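Asks: Just one file: input.csv, with CSV, C-alpha atoms.
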```
chain,number,residue,atom,x,y,z
A,1,MET,CA,-9.9,1.5,5.4
A,2,LEU,CA,-9.3,5.2,5.8
A,3,TYR,CA,-11.8,6.1,3.1
A,4,ALA,CA,-14.5,3.6,4.4
A,5,ILE,CA,-14.2,4.7,8.0
A,6,ASN,CA,-13.6,8.3,7.2
A,7,PRO,CA,-12.6,9.3,10.7
A,8,SER,CA,-12.6,13.0,11.8
A,9,ASN,CA,-9.2,12.4,13.4
A,10,ALA,CA,-6.6,9.9,12.3
A,11,VAL,CA,-2.8,9.3,12.0
A,12,CYS,CA,-1.6,7.3,9.0
A,13,GLY,CA,2.0,6.2,8.6
A,14,ASP,CA,4.4,4.2,6.5
A,15,ILE,CA,8.1,3.7,6.4
A,16,CYS,CA,8.1,4.6,2.7
A,17,GLU,CA,8.7,8.4,2.6
A,18,PRO,CA,7.6,8.9,-1.0
A,19,LEU,CA,4.3,7.2,-0.3
A,20,ILE,CA,3.7,9.5,2.7
A,21,GLY,CA,4.7,12.5,0.6
A,22,LEU,CA,2.1,11.4,-2.0
A,23,TRP,CA,-0.6,11.3,0.6
A,24,LYS,CA,0.4,14.8,1.8
A,25,LYS,CA,0.1,16.0,-1.7
A,26,ILE,CA,-3.4,14.4,-2.0
A,27,LYS,CA,-4.4,16.2,1.1
A,28,ASN,CA,-2.9,19.6,0.6
A,29,ASN,CA,-2.2,20.0,-3.1
A,30,PRO,CA,-4.6,17.8,-5.1
A,31,ILE,CA,-4.9,20.1,-8.1
A,32,GLU,CA,-1.2,20.4,-8.4
A,33,LEU,CA,-0.8,16.6,-8.1
A,34,ALA,CA,-3.4,15.9,-10.7
A,35,GLU,CA,-1.7,18.2,-13.2
A,36,ALA,CA,1.7,16.6,-12.5
A,37,TYR,CA,0.2,13.2,-13.5
A,38,ARG,CA,-1.4,14.8,-16.6
A,39,ILE,CA,2.0,16.1,-17.7
A,40,ARG,CA,3.7,12.7,-17.3
A,41,TRP,CA,0.8,10.7,-18.8
A,42,THR,CA,0.7,13.0,-21.9
A,43,LYS,CA,4.4,12.8,-22.3
A,44,LEU,CA,4.3,9.0,-22.2
A,45,HIS,CA,1.6,8.9,-24.9
A,46,THR,CA,3.2,11.4,-27.2
A,47,GLU,CA,6.9,10.4,-26.9
A,48,GLY,CA,6.7,6.7,-26.2
A,49,TYR,CA,7.4,3.9,-23.7
A,50,GLN,CA,10.9,5.1,-22.9
A,51,ILE,CA,9.4,8.0,-20.9
A,52,TYR,CA,8.1,5.5,-18.3
A,53,TYR,CA,11.7,4.2,-17.7
A,54,SER,CA,13.1,7.7,-17.6
A,55,ILE,CA,10.5,8.7,-14.9
A,56,ARG,CA,11.3,5.4,-13.1
A,57,ASP,CA,15.0,6.3,-13.1
A,58,ASP,CA,14.1,9.8,-11.8
A,59,PHE,CA,12.0,8.4,-9.0
A,60,ASN,CA,14.7,6.0,-7.9
A,61,LYS,CA,17.2,8.9,-7.8
A,62,ASN,CA,15.0,11.7,-6.3
A,63,HIS,CA,11.9,9.9,-4.8
A,64,TYR,CA,9.4,12.5,-5.9
A,65,PRO,CA,5.8,11.5,-4.9
A,66,GLU,CA,4.5,12.7,-8.3
A,67,ASP,CA,6.7,10.1,-10.0
A,68,LEU,CA,5.5,7.4,-7.7
A,69,LEU,CA,1.9,8.2,-8.5
A,70,PHE,CA,2.6,8.0,-12.3
A,71,LEU,CA,4.5,4.7,-12.0
A,72,SER,CA,1.8,3.2,-9.8
A,73,ARG,CA,-0.9,4.0,-12.4
A,74,THR,CA,1.1,2.8,-15.5
A,75,CYS,CA,3.1,-0.2,-14.3
A,76,VAL,CA,2.2,-3.8,-14.9
A,77,ASN,CA,-1.2,-4.4,-13.2
A,78,GLY,CA,-0.5,-1.6,-10.8
A,79,LEU,CA,1.8,-3.9,-8.8
A,80,ILE,CA,4.1,-1.6,-6.8
A,81,ARG,CA,7.3,-3.5,-6.3
A,82,PHE,CA,10.8,-2.6,-5.0
A,83,ASN,CA,14.1,-4.4,-5.2
A,84,ALA,CA,16.5,-5.0,-2.2
A,85,ASN,CA,18.0,-1.6,-2.7
A,86,GLY,CA,14.6,0.1,-2.4
A,87,GLU,CA,14.3,0.9,-6.1
A,88,PHE,CA,11.0,0.7,-7.9
A,89,ASN,CA,11.5,-2.1,-10.4
A,90,ASN,CA,8.2,-3.0,-12.1
A,91,SER,CA,7.8,-2.5,-15.8
A,92,LEU,CA,5.5,-0.5,-18.0
A,93,HIS,CA,2.1,-2.2,-18.8
A,94,HIS,CA,2.4,-1.8,-22.6
A,95,THR,CA,-1.2,-3.0,-23.3
A,96,ARG,CA,-2.9,-0.5,-21.1
A,97,PRO,CA,-2.8,3.2,-21.4
A,98,GLY,CA,-2.9,3.9,-17.6
A,99,ILE,CA,-5.8,5.7,-16.0
A,100,SER,CA,-6.8,8.9,-17.9
A,101,PRO,CA,-5.8,12.2,-16.3
A,102,ASP,CA,-9.4,13.4,-16.1
A,103,SER,CA,-10.5,10.2,-14.3
A,104,LEU,CA,-7.6,10.3,-11.9
A,105,ALA,CA,-8.1,14.0,-11.1
A,106,SER,CA,-11.7,13.2,-10.0
A,107,ILE,CA,-10.4,10.4,-7.7
A,108,ILE,CA,-7.7,12.6,-6.2
A,109,MET,CA,-10.1,15.4,-5.4
A,110,ASP,CA,-12.6,12.9,-3.8
A,111,TRP,CA,-9.8,11.4,-1.7
A,112,SER,CA,-8.6,14.8,-0.7
A,113,LYS,CA,-11.9,15.6,0.9
A,114,HIS,CA,-11.8,12.3,2.8
A,115,VAL,CA,-8.4,12.7,4.3
A,116,GLN,CA,-8.6,16.3,5.6
A,117,GLY,CA,-8.8,14.9,9.2
A,118,ALA,CA,-5.7,12.7,8.8
A,119,GLU,CA,-2.1,13.4,9.6
A,120,PHE,CA,0.5,11.5,7.5
A,121,ILE,CA,3.8,10.5,9.1
A,122,ALA,CA,6.8,8.7,7.6
A,123,GLY,CA,8.4,6.4,10.0
A,124,ASP,CA,8.4,3.0,11.8
A,125,TYR,CA,5.0,1.7,13.0
A,126,THR,CA,6.1,1.6,16.6
A,127,ASP,CA,7.1,5.3,16.6
A,128,ILE,CA,3.9,6.4,14.7
A,129,THR,CA,1.6,4.7,17.2
A,130,THR,CA,3.5,5.7,20.4
A,131,GLU,CA,0.7,8.0,21.6
A,132,ALA,CA,-2.1,5.5,21.0
A,133,LYS,CA,-4.2,4.9,24.0
A,134,THR,CA,-7.0,2.8,25.3
A,135,GLY,CA,-10.1,3.0,23.1
A,136,ASP,CA,-8.1,3.8,19.9
A,137,LEU,CA,-8.2,1.6,16.8
A,138,ILE,CA,-5.1,0.7,14.9
A,139,TYR,CA,-5.3,-0.8,11.4
A,140,LEU,CA,-2.1,-2.7,10.5
A,141,ASP,CA,-1.1,-3.8,7.0
A,142,PRO,CA,2.5,-5.0,7.3
A,143,PRO,CA,4.6,-6.9,4.7
A,144,TYR,CA,3.1,-10.3,4.4
A,145,PHE,CA,5.1,-13.1,6.1
A,146,HIS,CA,5.3,-15.3,3.0
A,147,THR,CA,6.1,-12.5,0.5
A,148,LYS,CA,9.8,-11.6,0.5
A,149,GLY,CA,11.8,-9.2,-1.5
A,150,ARG,CA,9.0,-7.1,-3.1
A,151,TYR,CA,8.3,-4.6,-0.4
A,152,TYR,CA,9.8,-1.3,0.6
A,153,GLY,CA,11.7,-2.2,3.8
A,154,THR,CA,11.4,-5.2,6.1
A,155,ILE,CA,9.8,-6.1,9.4
A,156,ASP,CA,11.0,-8.2,12.4
A,157,PHE,CA,8.2,-10.7,12.9
A,158,ASP,CA,9.0,-11.5,16.5
A,159,ALA,CA,9.2,-7.8,17.4
A,160,PHE,CA,5.8,-7.4,15.6
A,161,LEU,CA,4.2,-10.1,17.8
A,162,ASP,CA,5.6,-8.4,20.9
A,163,TYR,CA,4.0,-5.2,19.6
A,164,LEU,CA,0.6,-6.8,19.3
A,165,GLU,CA,0.9,-8.1,22.8
A,166,GLN,CA,1.6,-4.5,24.0
A,167,LEU,CA,-1.5,-3.3,22.3
A,168,ASN,CA,-3.6,-5.9,24.1
A,169,ASN,CA,-2.1,-5.0,27.4
A,170,LYS,CA,-2.9,-1.3,26.8
A,171,GLY,CA,-6.5,-2.0,25.7
A,172,ILE,CA,-5.9,-0.7,22.2
A,173,LYS,CA,-8.0,-2.3,19.5
A,174,TYR,CA,-6.3,-3.5,16.3
A,175,MET,CA,-7.2,-4.9,12.9
A,176,LEU,CA,-4.4,-6.8,11.2
A,177,SER,CA,-4.4,-7.7,7.5
A,178,PHE,CA,-2.1,-10.6,6.9
A,179,ASP,CA,-1.4,-13.7,4.7
A,180,GLY,CA,-4.5,-15.7,3.8
A,181,ILE,CA,-5.4,-18.2,1.1
A,182,ARG,CA,-4.7,-18.1,-2.7
A,183,GLY,CA,-6.5,-20.7,-4.7
A,184,GLU,CA,-5.7,-24.0,-3.1
A,185,ASP,CA,-2.7,-22.7,-1.2
A,186,ASP,CA,-3.1,-21.8,2.4
A,187,PHE,CA,-0.6,-19.1,3.5
A,188,THR,CA,-2.2,-18.2,6.8
A,189,VAL,CA,0.3,-17.7,9.6
A,190,ALA,CA,0.0,-19.4,13.0
A,191,LEU,CA,-0.2,-16.3,15.1
A,192,PRO,CA,-0.3,-17.0,18.8
A,193,LYS,CA,-4.0,-17.6,19.8
A,194,GLU,CA,-3.7,-15.3,22.8
A,195,LEU,CA,-3.0,-12.3,20.6
A,196,TYR,CA,-6.4,-12.1,18.8
A,197,LYS,CA,-10.0,-13.0,19.3
A,198,ARG,CA,-11.2,-13.3,15.7
A,199,HIS,CA,-9.7,-14.4,12.5
A,200,GLU,CA,-11.8,-13.7,9.4
A,201,LEU,CA,-11.0,-14.5,5.7
A,202,ILE,CA,-12.0,-11.6,3.5
A,203,PRO,CA,-12.4,-12.2,-0.3
A,204,SER,CA,-10.2,-9.7,-2.1
A,205,GLY,CA,-10.6,-10.7,-5.8
A,206,ASN,CA,-8.1,-12.6,-8.0
A,207,SER,CA,-4.3,-12.6,-7.5
A,208,SER,CA,-2.8,-9.9,-9.7
A,209,PHE,CA,0.6,-11.4,-9.2
A,210,LYS,CA,-0.3,-14.9,-10.4
A,211,LYS,CA,-2.2,-13.4,-13.3
A,212,VAL,CA,0.9,-11.6,-14.5
A,213,MET,CA,3.5,-14.3,-13.7
A,214,ASP,CA,1.6,-17.6,-14.4
A,215,LYS,CA,-1.5,-16.4,-16.4
A,216,GLN,CA,-3.7,-17.9,-13.7
A,217,LYS,CA,-6.9,-16.7,-12.1
A,218,LEU,CA,-6.8,-17.5,-8.4
A,219,GLN,CA,-9.3,-16.3,-5.8
A,220,VAL,CA,-7.6,-14.6,-2.9
A,221,TYR,CA,-8.8,-14.5,0.7
A,222,GLU,CA,-7.0,-12.1,3.0
A,223,SER,CA,-6.7,-12.8,6.7
A,224,LEU,CA,-8.1,-10.2,9.0
A,225,TYR,CA,-7.2,-10.6,12.7
A,226,LEU,CA,-9.1,-8.6,15.4
A,227,ASN,CA,-8.4,-8.4,19.1
A,228,TRP,CA,-11.9,-7.8,20.1
```
Output the file's structure in the form of structure tokens.
Replies:
Amino acid sequence: MLYAINPSNAVCGDICEPLIGLWKKIKNNPIELAEAYRIRWTKLHTEGYQIYYSIRDDFNKNHYPEDLLFLSRTCVNGLIRFNANGEFNNSLHHTRPGISPDSLASIIMDWSKHVQGAEFIAGDYTDITTEAKTGDLIYLDPPYFHTKGRYYGTIDFDAFLDYLEQLNNKGIKYMLSFDGIRGEDDFTVALPKELYKRHELIPSGNSSFKKVMDKQKLQVYESLYLNW
């Protein structure tokens, strides 16, 4: 969304501090970040698979953004998953080499240009959006209601609904990505009708999780709720 809208002024936040640290690196030190990935990727391909797990251990101990980037590009199907202790726990994707350093460097540089007008903050969504006012737009992508135990942190669903009501009362527009449909399974959540005006189902490709776990190809439609 940030790339597509490309706003001149934006605030982006997440409770995951290493993720925000990564975005700050993309914005302010893209060349340094690309080189850090190149070093790790080269070491993986010259010294073997154990390097992935060594870097994963380092990340879970020190939470360096550079390690998170490497893990996200070389783990199974790019599925970023954490255990209950906040530790990255996905495995190496043995049959894929991970994106090449040259290709990733180009992507990082492109993104860096697009996020120069954005401020990145680590923290709770309610704190990050405290200064939002009438006419602002907030895009929300919280942990999905029906997906437990694979996210970094948790969210209180009832408190989140109260938050949406507050946004409506302040005249602040929001877009909310949430549970949708996967194959024949409908995971949409019965949000109170008064909280939104539109509910769209957006095709988002096949389920990476089901492909890995059950070897199935299931079309996924993500819910998008809008209050205008």
Asks: Identify the residues around (-8.1, 9.0, 15.9) within a radius of 9 Å, measuring from only C-alpha atoms in the coordinates stated by the file, and give them as a PDB file with C-alpha atoms, in the frame of the given file.
Replies:
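Just written: part_27.pdb:
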```pdb
ATOM      1  CA  PRO A   7     -12.600   9.300  10.700  1.00  0.00           C
ATOM      2  CA  SER A   8     -12.600  13.000  11.800  1.00  0.00           C
ATOM      3  CA  ASN A   9      -9.200  12.400  13.400  1.00  0.00           C
ATOM      4  CA  ALA A  10      -6.600   9.900  12.300  1.00  0.00           C
ATOM      5  CA  VAL A  11      -2.800   9.300  12.000  1.00  0.00           C
ATOM      6  CA  GLY A 117      -8.800  14.900   9.200  1.00  0.00           C
ATOM      7  CA  ALA A 118      -5.700  12.700   8.800  1.00  0.00           C
ATOM      8  CA  ALA A 132      -2.100   5.500  21.000  1.00  0.00           C
ATOM      9  CA  ASP A 136      -8.100   3.800  19.900  1.00  0.00           C
ATOM     10  CA  LEU A 137      -8.200   1.600  16.800  1.00  0.00           C
ATOM     11  CA  ILE A 138      -5.100   0.700  14.900  1.00  0.00           C
TER      12      ILE A 138
END
```
Asks: I'd like the interatomic distance between CA of Asn85 (chain A) and CA of Asp179 (chain A), to a tenth of an Å.
Replies: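 Pair CA of Asn85 (chain A) / CA of Asp179 (chain A) returns 24.0 Å.
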Asks: Could you check which residues have any atom within 7 Å of (7.8, -0.5, -11.1), counting all atoms listed in the file with coordinates taken straight from the file, and then list them as a list in words?
Replies: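 Returned residue set, sorted by chain then number, is Leu71, Cys75, Ile80, Arg81, Phe88, Asn89, Asn90 and Ser91 of chain A.
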Asks: Go through A:Trp111, A:Phe59, A:Tyr49, A:Phe82 one by one, measure the shortest atom-to-atom distance of each to Ala34 (chain A) using all atoms listed in the file, and give the residue with the smallest value.
Replies: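 Closest to Ala34 (chain A) of all the choices is A:Trp111.
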Asks: Go through A:Asn60, A:Ser100, A:Ser72, A:Thr154 and flag the residue nearest Ile39 (chain A), using only C-alpha atoms for the distances.
Replies: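 With only C-alpha atoms as the atom set, the closest residue is A:Ser100.
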Asks: Please compute the CA of Asn206 (chain A)-CA of Thr95 (chain A) distance, one decimal, in Å.
Replies: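 Spanning CA of Asn206 (chain A) to CA of Thr95 (chain A) is a straight-line distance of 19.3 Å.
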Asks: Restricting the calculation to only C-alpha atoms, which member of A:Lys217, A:Arg182, A:His93, A:Lys197 is positioned closest to Leu79 (chain A)?
Replies: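 The closest residue to Leu79 (chain A) is A:His93.
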Asks: Rounded to one decimal in Å, what is the spacing between CA of Leu226 (chain A) and CA of Ser204 (chain A)?
Replies: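 Spanning CA of Leu226 (chain A) to CA of Ser204 (chain A) is a straight-line distance of 17.6 Å.
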Asks: With all atoms listed in the file as the counted atoms, please give the residues lying no more than 7 Å from Gly135 (chain A), apart from itself and same-chain residues fewer than 3 positions off, as a ChimeraX atom specification.
Replies: /A:171-173
Asks: Nearest to Leu33 (chain A): which of A:Leu176, A:Ile20, A:Met109, A:Ile155 is it, counting all atoms listed in the file?
Replies: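 Of A:Leu176, A:Ile20, A:Met109, A:Ile155, the one nearest Leu33 (chain A) is A:Met109, counting all atoms listed in the file.
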Asks: Could you list, as a ChimeraX atom specification, every residue within 9 Å of Gly205 (chain A), counting only C-alpha atoms and ignoring same-chain residues fewer than 3 positions away?
Replies: /A:208,218-221
Asks: Output the selection as a compact mmCIF listing (two decimals), in the frame of the given file - C-alpha atoms for each residue.
Replies:
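To be explicit, this is the file written out as again-v7.txt:
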```txt
# COMPACT_ATOMS: atom_id res chain seq x y z
CA SER A 208 -2.80 -9.90 -9.70
CA LEU A 218 -6.80 -17.50 -8.40
CA GLN A 219 -9.30 -16.30 -5.80
CA VAL A 220 -7.60 -14.60 -2.90
CA TYR A 221 -8.80 -14.50 0.70
```
Asks: Go through A:Ala159, A:Leu224, A:Ala105, A:Leu167 one by one, measure the shortest atom-to-atom distance of each to Thr130 (chain A) using all atoms listed in the file, and give the residue with the smallest value.
Replies: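 Of all the options, A:Leu167 lies closest to Thr130 (chain A).
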Asks: So which residues touch Ser54 (chain A) within 12 Å, counting all atoms listed in the file, skipping near sequence neighbours fewer than 2 positions away, as a PyMOL selection string?
Replies: chain A and resi 40+43-44+47-52+56-61+67+70-71+91-92
Asks: For Ile121 (chain A), please output as an NGL selection string all residues within 12 Å (counting only C-alpha atoms; exclusion window: fewer than 6 positions along the same chain).
Replies: :A and (10-24 or 127-129)
Asks: Return the single residue from A:Asn77, A:Pro30, A:Met175, A:Ile108 that is closest to Asp141 (chain A), with distances computed using all atoms listed in the file.
Replies: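 The closest residue to Asp141 (chain A) is A:Met175.
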